[in-house]
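Student: Following this line is upload15.txt, made up of compact mmCIF, C-alpha atoms:
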```
# COMPACT_ATOMS: atom_id res chain seq x y z
CA MET A 20 0.00 0.00 0.00
CA ARG A 21 2.91 2.34 0.81
CA ASN A 22 4.41 1.75 -2.65
CA TYR A 23 1.00 2.52 -4.16
CA VAL A 24 0.81 5.85 -2.30
CA ILE A 25 4.36 6.78 -3.39
CA THR A 26 3.56 5.92 -7.01
CA LEU A 27 0.38 8.01 -6.88
CA CYS A 28 2.27 10.99 -5.38
CA ILE A 29 4.92 10.77 -8.10
CA SER A 30 2.19 10.62 -10.74
CA LEU A 31 0.49 13.69 -9.29
CA LEU A 32 3.78 15.63 -9.18
CA SER A 33 4.58 14.65 -12.76
CA PHE A 34 1.14 15.65 -13.88
CA GLY A 35 1.48 18.97 -12.05
CA THR A 36 4.78 19.66 -13.85
CA THR A 37 3.39 19.04 -17.30
CA GLU A 38 0.19 20.96 -16.55
CA ALA A 39 1.81 23.93 -14.81
CA GLN A 40 -0.54 26.37 -16.50
CA ARG A 41 -3.50 25.20 -14.41
CA SER A 42 -4.04 23.65 -10.98
CA ILE A 43 -4.85 19.99 -10.58
CA ARG A 44 -8.52 19.33 -9.82
CA LEU A 45 -9.08 16.48 -7.38
CA GLY A 46 -12.27 14.92 -6.14
CA TYR A 47 -13.03 11.88 -4.03
CA VAL A 48 -15.86 9.48 -3.23
CA ASP A 49 -16.61 7.29 -0.23
CA MET A 50 -17.56 3.94 -1.73
CA ASN A 51 -18.79 2.54 1.60
CA TYR A 52 -21.08 5.55 2.11
CA ILE A 53 -22.44 5.19 -1.43
CA LEU A 54 -23.14 1.46 -1.06
CA GLU A 55 -24.89 1.99 2.27
CA ASN A 56 -27.29 4.43 0.61
CA VAL A 57 -28.14 2.46 -2.53
CA PRO A 58 -31.46 0.61 -1.86
CA GLU A 59 -30.68 -2.24 -4.31
CA TYR A 60 -27.38 -2.91 -2.55
CA LYS A 61 -28.93 -2.87 0.93
CA GLU A 62 -31.66 -5.29 -0.18
CA ALA A 63 -29.14 -7.65 -1.78
CA GLN A 64 -26.87 -7.36 1.27
CA ALA A 65 -29.78 -8.34 3.54
CA GLN A 66 -30.39 -11.44 1.39
CA LEU A 67 -26.71 -12.32 1.59
CA ASP A 68 -26.72 -11.84 5.37
CA ASN A 69 -29.62 -14.30 5.61
CA LYS A 70 -27.63 -16.85 3.61
CA VAL A 71 -24.57 -16.33 5.83
CA ALA A 72 -26.71 -16.80 8.94
CA GLY A 73 -28.02 -20.08 7.47
CA TRP A 74 -24.48 -21.30 6.74
CA LYS A 75 -23.35 -20.44 10.27
CA ASN A 76 -26.36 -22.24 11.76
CA GLU A 77 -25.53 -25.33 9.69
CA ILE A 78 -21.92 -25.31 10.97
CA GLU A 79 -23.10 -24.83 14.56
CA LYS A 80 -25.59 -27.68 14.19
CA ARG A 81 -22.91 -30.06 12.89
CA ASN A 82 -20.48 -29.05 15.65
CA LYS A 83 -23.13 -29.82 18.26
CA GLU A 84 -23.64 -33.25 16.69
CA ILE A 85 -19.91 -33.94 16.93
CA ASP A 86 -19.81 -32.76 20.56
CA GLN A 87 -22.67 -35.12 21.37
CA MET A 88 -20.88 -37.99 19.61
CA ARG A 89 -17.75 -37.29 21.69
CA LYS A 90 -19.74 -37.26 24.94
CA THR A 91 -21.50 -40.50 24.02
CA LEU A 92 -18.18 -42.12 23.16
CA GLU A 93 -16.62 -41.08 26.48
CA ASN A 94 -19.61 -42.40 28.42
CA GLU A 95 -19.59 -45.74 26.59
CA ARG A 96 -15.82 -46.15 26.16
CA VAL A 97 -15.47 -48.70 28.97
CA LEU A 98 -18.17 -50.85 27.38
CA LEU A 99 -16.72 -50.83 23.86
CA THR A 100 -13.99 -52.87 22.21
CA GLN A 101 -10.92 -51.12 20.81
CA GLU A 102 -12.23 -51.81 17.33
CA LEU A 103 -15.54 -50.06 18.02
CA ILE A 104 -13.75 -47.14 19.72
CA LYS A 105 -11.51 -46.66 16.69
CA GLU A 106 -14.51 -46.86 14.38
CA ARG A 107 -16.31 -44.12 16.26
CA GLU A 108 -13.22 -41.93 16.46
CA ASP A 109 -12.76 -42.29 12.71
CA GLU A 110 -16.39 -41.29 12.21
CA ILE A 111 -15.89 -38.17 14.37
CA ARG A 112 -12.73 -37.20 12.46
CA PHE A 113 -14.56 -37.72 9.16
CA MET A 114 -17.37 -35.40 10.26
CA GLN A 115 -14.84 -32.80 11.47
CA ASN A 116 -13.15 -32.83 8.07
CA GLU A 117 -16.55 -32.44 6.43
CA ILE A 118 -17.21 -29.33 8.53
CA LEU A 119 -13.81 -27.87 7.63
CA ASP A 120 -14.52 -28.48 3.94
CA TYR A 121 -17.94 -26.88 4.33
CA GLN A 122 -16.42 -23.83 6.04
CA GLN A 123 -13.90 -23.43 3.24
CA LYS A 124 -16.64 -23.80 0.64
CA ARG A 125 -18.72 -21.07 2.25
CA PHE A 126 -16.20 -18.73 3.91
CA GLY A 127 -12.81 -19.57 2.33
CA PRO A 128 -10.77 -17.22 0.10
CA GLU A 129 -12.58 -18.61 -2.94
CA GLY A 130 -15.79 -19.49 -1.12
CA ASP A 131 -19.41 -18.63 -1.79
CA LEU A 132 -19.35 -15.55 0.46
CA ILE A 133 -16.54 -13.87 -1.49
CA LYS A 134 -18.06 -14.82 -4.84
CA GLN A 135 -21.57 -13.68 -4.01
CA ARG A 136 -20.32 -10.46 -2.42
CA SER A 137 -18.39 -9.76 -5.61
CA VAL A 138 -21.52 -10.39 -7.69
CA LEU A 139 -23.43 -8.13 -5.30
CA VAL A 140 -21.00 -5.20 -5.41
CA GLU A 141 -19.97 -5.34 -9.07
CA PRO A 142 -23.18 -3.87 -10.62
CA ILE A 143 -23.16 -1.01 -8.10
CA GLN A 144 -19.46 -0.40 -8.75
CA ASP A 145 -20.22 -0.19 -12.46
CA GLN A 146 -22.93 2.40 -11.76
CA VAL A 147 -20.54 4.38 -9.55
CA PHE A 148 -17.78 4.20 -12.19
CA ASN A 149 -20.11 5.49 -14.91
CA ALA A 150 -21.38 8.27 -12.65
CA VAL A 151 -17.80 9.22 -11.70
CA GLN A 152 -16.84 9.40 -15.37
CA GLU A 153 -19.81 11.61 -16.14
CA ILE A 154 -19.31 14.00 -13.22
CA ALA A 155 -15.51 14.09 -13.55
CA LYS A 156 -15.77 15.12 -17.21
CA ALA A 157 -18.48 17.69 -16.48
CA ARG A 158 -16.44 19.27 -13.64
CA GLN A 159 -13.06 18.72 -15.33
CA TYR A 160 -11.54 16.69 -12.50
CA ASP A 161 -8.06 15.31 -13.15
CA PHE A 162 -8.32 12.61 -10.46
CA VAL A 163 -11.16 11.07 -8.44
CA LEU A 164 -10.04 8.95 -5.47
CA ASP A 165 -11.90 6.44 -3.30
CA LYS A 166 -11.73 7.47 0.36
CA SER A 167 -12.67 3.97 1.57
CA SER A 168 -9.88 2.24 -0.40
CA GLU A 169 -6.38 1.38 0.83
CA LEU A 170 -5.17 4.82 -0.21
CA VAL A 171 -4.32 6.77 2.96
CA MET A 172 -6.04 10.16 2.88
CA LEU A 173 -4.59 12.19 5.76
CA TYR A 174 -6.94 15.07 5.03
CA ALA A 175 -9.90 15.51 2.69
CA ASP A 176 -11.87 18.73 2.39
CA LYS A 177 -15.60 18.00 2.35
CA ARG A 178 -16.12 20.33 -0.62
CA HIS A 179 -14.19 17.87 -2.80
CA ASP A 180 -16.45 14.95 -1.78
CA ILE A 181 -18.71 14.06 -4.71
CA SER A 182 -20.28 10.99 -3.09
CA ASP A 183 -23.71 12.64 -2.85
CA GLN A 184 -23.54 13.66 -6.51
CA ILE A 185 -22.74 10.04 -7.39
CA LEU A 186 -25.72 8.82 -5.35
CA LEU A 187 -27.96 11.38 -7.03
CA SER A 188 -26.75 10.24 -10.46
CA ILE A 189 -27.40 6.58 -9.59
CA LYS A 190 -30.91 7.38 -8.32
CA ARG A 191 -31.70 9.33 -11.49
CA SER A 192 -30.38 6.51 -13.65
CA SER A 193 -32.58 4.04 -11.75
CA LYS A 194 -35.62 6.27 -12.23
CA ARG A 195 -34.94 6.49 -15.98
CA ASN A 196 -35.30 2.71 -16.17
CA GLN A 197 -38.63 2.87 -14.31
CA ILE A 198 -40.38 5.40 -16.56
CA ASN A 199 -43.82 4.08 -17.54
CA SER A 200 -45.66 7.18 -18.73
CA ARG A 201 -45.25 10.65 -20.15
CA ALA A 202 -46.02 12.11 -16.72
CA ASP A 203 -43.18 10.06 -15.21
CA LYS A 204 -40.85 11.34 -17.94
CA GLN A 205 -41.85 14.95 -17.32
CA GLU A 206 -41.37 14.55 -13.57
CA LEU A 207 -37.94 13.01 -14.13
CA GLU A 208 -36.89 15.85 -16.43
CA GLU A 209 -37.98 18.39 -13.81
CA THR A 210 -36.05 16.51 -11.13
CA GLU A 211 -32.88 16.20 -13.20
CA ALA A 212 -32.94 19.95 -13.79
CA LEU A 213 -32.38 20.47 -10.05
CA THR A 214 -28.93 20.84 -8.52
CA LEU A 215 -27.78 18.68 -5.61
CA ASP A 216 -28.50 21.50 -3.13
CA GLN A 217 -32.00 21.91 -4.56
CA VAL A 218 -32.61 18.17 -4.36
CA GLU A 219 -31.42 18.07 -0.74
CA GLU A 220 -33.60 21.08 0.08
CA ARG A 221 -36.63 19.40 -1.51
CA GLU A 222 -35.92 16.13 0.31
CA GLU A 223 -35.69 18.04 3.60
CA ARG A 224 -39.06 19.68 2.89
CA GLU A 225 -40.58 16.30 2.00
CA ALA A 226 -39.11 14.72 5.15
CA GLU A 227 -40.51 17.59 7.24
CA ALA A 228 -43.91 17.24 5.56
CA ASN A 229 -43.88 13.47 6.14
CA ALA A 230 -42.95 14.03 9.78
CA LYS A 231 -45.85 16.46 10.20
CA GLN A 232 -48.22 14.03 8.46
CA THR A 233 -47.02 11.23 10.73
CA GLU A 234 -47.59 13.44 13.78
CA ARG A 235 -51.09 14.35 12.57
CA GLU A 236 -51.91 10.68 12.03
CA ARG A 237 -50.59 9.88 15.51
CA LEU A 238 -52.77 12.59 17.10
CA ILE A 239 -55.83 11.43 15.13
CA ALA A 240 -55.18 7.84 16.24
CA GLU A 241 -54.82 8.97 19.87
CA ARG A 242 -58.07 10.96 19.72
CA LYS A 243 -59.86 8.03 18.13
CA ALA A 244 -58.52 5.70 20.79
CA THR A 245 -59.71 8.13 23.50
CA ARG A 246 -63.18 8.37 21.92
CA ASP A 247 -63.37 4.59 21.57
CA SER A 248 -62.32 4.19 25.20
CA ILE A 249 -64.98 6.66 26.41
CA GLN A 250 -67.65 5.01 24.26
CA ALA A 251 -66.62 1.57 25.51
CA ALA A 252 -66.83 2.80 29.13
CA LYS A 253 -70.27 4.33 28.54
CA LYS A 254 -71.47 1.15 26.86
CA ALA A 255 -70.15 -0.98 29.73
CA ALA A 256 -71.87 1.29 32.29
CA PHE A 257 -75.14 1.13 30.33
CA GLU A 258 -74.95 -2.67 30.08
CA ALA A 259 -74.25 -2.87 33.81
CA ARG A 260 -77.30 -0.70 34.68
CA ARG A 261 -79.45 -2.66 32.25
CA GLN A 262 -78.36 -5.97 33.71
CA LYS A 263 -79.01 -4.67 37.22
CA LEU A 264 -82.58 -3.68 36.27
CA LEU A 265 -83.18 -7.07 34.65
CA ASP A 266 -81.85 -8.85 37.76
CA GLU A 267 -84.09 -6.79 40.06
CA ARG A 268 -87.14 -7.44 37.84
CA GLN A 269 -86.39 -11.16 37.85
CA ARG A 270 -86.06 -11.18 41.66
CA ARG A 271 -89.47 -9.49 42.00
CA ARG A 272 -91.03 -12.08 39.67
CA ASP A 273 -89.44 -14.87 41.60
CA SER A 274 -90.67 -13.36 44.88
CA ILE A 275 -94.26 -13.08 43.57
CA LEU A 276 -94.22 -16.64 42.24
CA GLU A 277 -92.85 -17.87 45.55
CA ALA A 278 -95.61 -16.02 47.49
CA ARG A 279 -98.34 -17.46 45.25
CA GLN A 280 -96.90 -20.91 45.69
CA LYS A 281 -96.99 -20.55 49.49
CA ILE A 282 -100.64 -19.46 49.35
CA LYS A 283 -101.54 -22.49 47.25
CA ASP A 284 -99.70 -24.75 49.61
CA SER A 285 -101.51 -23.28 52.64
CA ILE A 286 -104.95 -23.74 51.01
CA ASN A 287 -104.21 -27.31 50.11
```
Could you quickly redo this structure as C-alpha cells?

Tutor:
Amino acid sequence: MRNYVITLCISLLSFGTTEAQRSIRLGYVDMNYILENVPEYKEAQAQLDNKVAGWKNEIEKRNKEIDQMRKTLENERVLLTQELIKEREDEIRFMQNEILDYQQKRFGPEGDLIKQRSVLVEPIQDQVFNAVQEIAKARQYDFVLDKSSELVMLYADKRHDISDQILLSIKRSSKRNQINSRADKQELEETEALTLDQVEEREEREAEANAKQTERERLIAERKATRDSIQAAKKAAFEARRQKLLDERQRRRDSILEARQKIKDSIN
C-alpha cells in the first residue's frame, strides 16, 4: 500500500509539472457511504446476510452433533472394544473434516461468500464508475479517489467529496429505467434539472412534511382511541345498569311466584 501511495504521489507531481498552466482538480468518493445508501445494494446485502446466517447455523448444528458424539463415546468407552472405539473416532474425524470443507466452501478465500459479495457489489461499482466518469468530465476533475480504499487520505476537504452527486446520479439513472408514462418522464426531467443542493432542500421539505403528516396521524389515532375508550366505558356502564334492572325485575317475579306458591300450599 505504501508503494501505491508513493507511485500516486509521483504521478500527481509529474502531472502537475506538465500541466503547470492550471491547478490539478481532485475529487473523491466514499464507496462505503455510497453502497450503504443504494437501496438495491442494501436489499441484496440483507439477502446475503440471511444466507450467511443459514451457513453459520448449519456449521453450529454439525459441531453440536460432533460434541454429542464425543460425549457419548466417552460415556460408553469402557463398554466398547478397541475396534468399536476406533470406528467411532474415525467417524468423528470424518465429520470434522466435512465441517472444515464446508467452512472453506462457504467462507474460504474462494468461497461462496466472497463470490456472491463480488456479484453483489460489481453492478453497483459499475454504476458508480459510470457516474464518476460523467461528473468528472463535467467538472473537469483530473483525479477522483476512493476514500474507503487502501489509499491513505490524511486530510480531505468535504467540498471535494462528490459521493452525494454520485448517489444522485445513480438514483436518477434508476428512475430512468422505471419510466412508464409521459407524466413520469416529465417529472424526471424536472427533477434532473435540479442541482444537488435543490434536491437536498426538496428532500428536507418532503421529510418535514412526512414528519408532520405522521404526527397528525398519531394525534388522530390517539383521539380516536380516547373516543373509543370513552364510548366503551359508557357502553359498559349502560350494560351494567341494564343488567341490574333485569336482575331486580327477575327477583321481584321470583318473589311473587314464591308467594303465590306458598298461598296455594296453605290452602291445600

Student: Find, counting all atoms listed in the file, the residue in A:Ala157, A:Ile185, A:Ile85, A:Ile143 that gets nearest to Tyr47 (chain A).

Tutor: A:Ile185

Student: By how many Å are CA of Lys190 (chain A) and CA of Glu153 (chain A) apart?

Tutor: 14.2 Å

Student: Have a look at CA of Ala278 (chain A) and CA of Gln262 (chain A) and let me know their distance in Å, one decimal.

Tutor: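 CA of Gln262 (chain A) lies at a distance of 24.3 Å from CA of Ala278 (chain A).
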
Student: Which of these, A:Asp161, A:Thr233, A:Phe257, A:Val140, has the shortest distance to Glu62 (chain A) once you count all atoms listed in the file?

Tutor: A:Val140

Student: Give me the residues within 9 Å of region 77-83 of chain A as a PyMOL selection string, counting all atoms listed in the file and dropping any in the same chain fewer than 2 places off.

Tutor: chain A and resi 72-75+85-88+114-115+118+121-122

Student: Just checking: using all atoms listed in the file, which residue out of A:Ala252, A:Ala226, A:Leu98, A:Leu187 ends up closest to Asn56 (chain A)?

Tutor: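 The answer is A:Leu187, which sits nearest to Asn56 (chain A).
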
Student: Using only C-alpha atoms, which of the listed residues (A:Asp266, A:Asp273, A:Asp284, A:Asp165) sits closest to Asn51 (chain A)?

Tutor: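 Of all the options, A:Asp165 lies closest to Asn51 (chain A).
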
Student: Take CA of Lys156 (chain A) and CA of Ile43 (chain A) and report the distance between them in Å, one decimal.

Tutor: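 About the pair CA of Lys156 (chain A) and CA of Ile43 (chain A): they are 13.7 Å apart.
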
Student: Kindly provide, as a PyMOL selection string, the polymer residues lying within 10 Å of (-12.3, 22.2, -11.1), counting all atoms listed in the file and using the coordinates exactly as they appear in the file.

Tutor: chain A and resi 41-46+155-161+179

Student: Using all atoms listed in the file, which protein or nucleic acid residues come within 12 Å of region 144-149 of chain A? Drop anything in the same chain fewer than 6 positions from it, and give the result as a ChimeraX atom specification.

Tutor: /A:47-54,57,59-60,136-138,155-156,163-165,181-193

Student: Between A:Ile286, A:Val71, A:Ala228, A:Glu258, single out the one closest to Asp131 (chain A), counting all atoms listed in the file.

Tutor: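 Residue with the minimum atom-to-atom distance to Asp131 (chain A): A:Val71.
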
Student: Here's a test: counting all atoms listed in the file, identify every protein, DNA and RNA residue with an atom at most 12 Å from (-15.4, -42.4, 15.7) in the file's coordinate frame, and state them as a list in words.

Tutor: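 Protein, DNA and RNA residues close to (-15.4, -42.4, 15.7): Ile85, Asp86, Gln87, Met88, Arg89, Lys90, Thr91, Leu92, Glu93, Arg96, Leu99, Gln101, Glu102, Leu103, Ile104, Lys105, Glu106, Arg107, Glu108, Asp109, Glu110, Ile111, Arg112, Phe113, Met114 and Gln115 of chain A.
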
Student: How would the residues just picked look written out with C-alpha atoms as a PDB file, in the coordinates of the input?

Tutor:
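Dumped everything to selection.pdb:
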```
ATOM      1  CA  ILE A  85     -19.910 -33.940  16.930  1.00  0.00           C
ATOM      2  CA  ASP A  86     -19.810 -32.760  20.560  1.00  0.00           C
ATOM      3  CA  GLN A  87     -22.670 -35.120  21.370  1.00  0.00           C
ATOM      4  CA  MET A  88     -20.880 -37.990  19.610  1.00  0.00           C
ATOM      5  CA  ARG A  89     -17.750 -37.290  21.690  1.00  0.00           C
ATOM      6  CA  LYS A  90     -19.740 -37.260  24.940  1.00  0.00           C
ATOM      7  CA  THR A  91     -21.500 -40.500  24.020  1.00  0.00           C
ATOM      8  CA  LEU A  92     -18.180 -42.120  23.160  1.00  0.00           C
ATOM      9  CA  GLU A  93     -16.620 -41.080  26.480  1.00  0.00           C
ATOM     10  CA  ARG A  96     -15.820 -46.150  26.160  1.00  0.00           C
ATOM     11  CA  LEU A  99     -16.720 -50.830  23.860  1.00  0.00           C
ATOM     12  CA  GLN A 101     -10.920 -51.120  20.810  1.00  0.00           C
ATOM     13  CA  GLU A 102     -12.230 -51.810  17.330  1.00  0.00           C
ATOM     14  CA  LEU A 103     -15.540 -50.060  18.020  1.00  0.00           C
ATOM     15  CA  ILE A 104     -13.750 -47.140  19.720  1.00  0.00           C
ATOM     16  CA  LYS A 105     -11.510 -46.660  16.690  1.00  0.00           C
ATOM     17  CA  GLU A 106     -14.510 -46.860  14.380  1.00  0.00           C
ATOM     18  CA  ARG A 107     -16.310 -44.120  16.260  1.00  0.00           C
ATOM     19  CA  GLU A 108     -13.220 -41.930  16.460  1.00  0.00           C
ATOM     20  CA  ASP A 109     -12.760 -42.290  12.710  1.00  0.00           C
ATOM     21  CA  GLU A 110     -16.390 -41.290  12.210  1.00  0.00           C
ATOM     22  CA  ILE A 111     -15.890 -38.170  14.370  1.00  0.00           C
ATOM     23  CA  ARG A 112     -12.730 -37.200  12.460  1.00  0.00           C
ATOM     24  CA  PHE A 113     -14.560 -37.720   9.160  1.00  0.00           C
ATOM     25  CA  MET A 114     -17.370 -35.400  10.260  1.00  0.00           C
ATOM     26  CA  GLN A 115     -14.840 -32.800  11.470  1.00  0.00           C
TER      27      GLN A 115
END
```

Student: Given only C-alpha atoms as the basis, pick out the residue of A:Lys177, A:Arg279, A:Arg224, A:Lys70 nearest to Leu132 (chain A).

Tutor: A:Lys70

Student: Complete region 74-109 of chain A at the level of N, CA and C atoms, written as an mmCIF file, keeping the file's coordinate frame.

Tutor:
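This went into result_16.cif:
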```cif
data_model
loop_
_atom_site.group_PDB
_atom_site.id
_atom_site.type_symbol
_atom_site.label_atom_id
_atom_site.label_comp_id
_atom_site.auth_asym_id
_atom_site.auth_seq_id
_atom_site.Cartn_x
_atom_site.Cartn_y
_atom_site.Cartn_z
ATOM 1 N N TRP A 74 -25.731 -20.513 6.792
ATOM 2 C CA TRP A 74 -24.480 -21.300 6.740
ATOM 3 C C TRP A 74 -23.892 -21.466 8.138
ATOM 4 N N LYS A 75 -23.897 -20.388 8.912
ATOM 5 C CA LYS A 75 -23.350 -20.440 10.270
ATOM 6 C C LYS A 75 -24.180 -21.381 11.157
ATOM 7 N N ASN A 76 -25.496 -21.344 10.986
ATOM 8 C CA ASN A 76 -26.360 -22.240 11.760
ATOM 9 C C ASN A 76 -26.082 -23.705 11.416
ATOM 10 N N GLU A 77 -25.836 -23.969 10.121
ATOM 11 C CA GLU A 77 -25.530 -25.330 9.690
ATOM 12 C C GLU A 77 -24.228 -25.808 10.328
ATOM 13 N N ILE A 78 -23.205 -24.949 10.359
ATOM 14 C CA ILE A 78 -21.920 -25.310 10.970
ATOM 15 C C ILE A 78 -22.093 -25.551 12.465
ATOM 16 N N GLU A 79 -22.857 -24.674 13.118
ATOM 17 C CA GLU A 79 -23.100 -24.830 14.560
ATOM 18 C C GLU A 79 -23.842 -26.128 14.853
ATOM 19 N N LYS A 80 -24.825 -26.443 14.010
ATOM 20 C CA LYS A 80 -25.590 -27.680 14.190
ATOM 21 C C LYS A 80 -24.685 -28.907 14.083
ATOM 22 N N ARG A 81 -23.797 -28.912 13.075
ATOM 23 C CA ARG A 81 -22.910 -30.060 12.890
ATOM 24 C C ARG A 81 -21.902 -30.163 14.037
ATOM 25 N N ASN A 82 -21.417 -29.014 14.521
ATOM 26 C CA ASN A 82 -20.480 -29.050 15.650
ATOM 27 C C ASN A 82 -21.136 -29.610 16.901
ATOM 28 N N LYS A 83 -22.396 -29.271 17.108
ATOM 29 C CA LYS A 83 -23.130 -29.820 18.260
ATOM 30 C C LYS A 83 -23.289 -31.332 18.129
ATOM 31 N N GLU A 84 -23.533 -31.797 16.915
ATOM 32 C CA GLU A 84 -23.640 -33.250 16.690
ATOM 33 C C GLU A 84 -22.333 -33.958 17.030
ATOM 34 N N ILE A 85 -21.223 -33.342 16.633
ATOM 35 C CA ILE A 85 -19.910 -33.940 16.930
ATOM 36 C C ILE A 85 -19.648 -33.934 18.429
ATOM 37 N N ASP A 86 -19.990 -32.825 19.100
ATOM 38 C CA ASP A 86 -19.810 -32.760 20.560
ATOM 39 C C ASP A 86 -20.612 -33.848 21.251
ATOM 40 N N GLN A 87 -21.838 -34.084 20.775
ATOM 41 C CA GLN A 87 -22.670 -35.120 21.370
ATOM 42 C C GLN A 87 -22.073 -36.506 21.115
ATOM 43 N N MET A 88 -21.518 -36.702 19.922
ATOM 44 C CA MET A 88 -20.880 -37.990 19.610
ATOM 45 C C MET A 88 -19.662 -38.213 20.515
ATOM 46 N N ARG A 89 -18.899 -37.167 20.793
ATOM 47 C CA ARG A 89 -17.750 -37.290 21.690
ATOM 48 C C ARG A 89 -18.202 -37.670 23.101
ATOM 49 N N LYS A 90 -19.235 -36.977 23.586
ATOM 50 C CA LYS A 90 -19.740 -37.260 24.940
ATOM 51 C C LYS A 90 -20.249 -38.705 25.033
ATOM 52 N N THR A 91 -20.964 -39.126 24.017
ATOM 53 C CA THR A 91 -21.500 -40.500 24.020
ATOM 54 C C THR A 91 -20.350 -41.504 24.016
ATOM 55 N N LEU A 92 -19.324 -41.216 23.221
ATOM 56 C CA LEU A 92 -18.180 -42.120 23.160
ATOM 57 C C LEU A 92 -17.475 -42.203 24.511
ATOM 58 N N GLU A 93 -17.290 -41.083 25.178
ATOM 59 C CA GLU A 93 -16.620 -41.080 26.480
ATOM 60 C C GLU A 93 -17.441 -41.850 27.512
ATOM 61 N N ASN A 94 -18.750 -41.704 27.463
ATOM 62 C CA ASN A 94 -19.610 -42.400 28.420
ATOM 63 C C ASN A 94 -19.638 -43.913 28.187
ATOM 64 N N GLU A 95 -19.477 -44.309 26.927
ATOM 65 C CA GLU A 95 -19.590 -45.740 26.590
ATOM 66 C C GLU A 95 -18.234 -46.398 26.344
ATOM 67 N N ARG A 96 -17.145 -45.634 26.512
ATOM 68 C CA ARG A 96 -15.820 -46.150 26.160
ATOM 69 C C ARG A 96 -15.499 -47.442 26.887
ATOM 70 N N VAL A 97 -15.823 -47.515 28.183
ATOM 71 C CA VAL A 97 -15.470 -48.700 28.970
ATOM 72 C C VAL A 97 -16.248 -49.939 28.531
ATOM 73 N N LEU A 98 -17.336 -49.720 27.814
ATOM 74 C CA LEU A 98 -18.170 -50.850 27.380
ATOM 75 C C LEU A 98 -17.832 -51.308 25.962
ATOM 76 N N LEU A 99 -16.989 -50.556 25.273
ATOM 77 C CA LEU A 99 -16.720 -50.830 23.860
ATOM 78 C C LEU A 99 -15.369 -51.509 23.677
ATOM 79 N N THR A 100 -15.277 -52.278 22.590
ATOM 80 C CA THR A 100 -13.990 -52.870 22.210
ATOM 81 C C THR A 100 -13.133 -51.805 21.541
ATOM 82 N N GLN A 101 -11.832 -52.068 21.455
ATOM 83 C CA GLN A 101 -10.920 -51.120 20.810
ATOM 84 C C GLN A 101 -11.312 -50.903 19.355
ATOM 85 N N GLU A 102 -11.812 -51.917 18.731
ATOM 86 C CA GLU A 102 -12.230 -51.810 17.330
ATOM 87 C C GLU A 102 -13.392 -50.835 17.170
ATOM 88 N N LEU A 103 -14.382 -50.965 18.074
ATOM 89 C CA LEU A 103 -15.540 -50.060 18.020
ATOM 90 C C LEU A 103 -15.142 -48.632 18.370
ATOM 91 N N ILE A 104 -14.226 -48.476 19.345
ATOM 92 C CA ILE A 104 -13.750 -47.140 19.720
ATOM 93 C C ILE A 104 -13.081 -46.471 18.537
ATOM 94 N N LYS A 105 -12.204 -47.214 17.849
ATOM 95 C CA LYS A 105 -11.510 -46.660 16.690
ATOM 96 C C LYS A 105 -12.497 -46.297 15.591
ATOM 97 N N GLU A 106 -13.508 -47.128 15.409
ATOM 98 C CA GLU A 106 -14.510 -46.860 14.380
ATOM 99 C C GLU A 106 -15.253 -45.563 14.652
ATOM 100 N N ARG A 107 -15.602 -45.346 15.909
ATOM 101 C CA ARG A 107 -16.310 -44.120 16.260
ATOM 102 C C ARG A 107 -15.395 -42.898 16.164
ATOM 103 N N GLU A 108 -14.175 -43.038 16.579
ATOM 104 C CA GLU A 108 -13.220 -41.930 16.460
ATOM 105 C C GLU A 108 -12.991 -41.557 15.002
ATOM 106 N N ASP A 109 -12.911 -42.559 14.153
ATOM 107 C CA ASP A 109 -12.760 -42.290 12.710
ATOM 108 C C ASP A 109 -13.981 -41.553 12.171
#
```
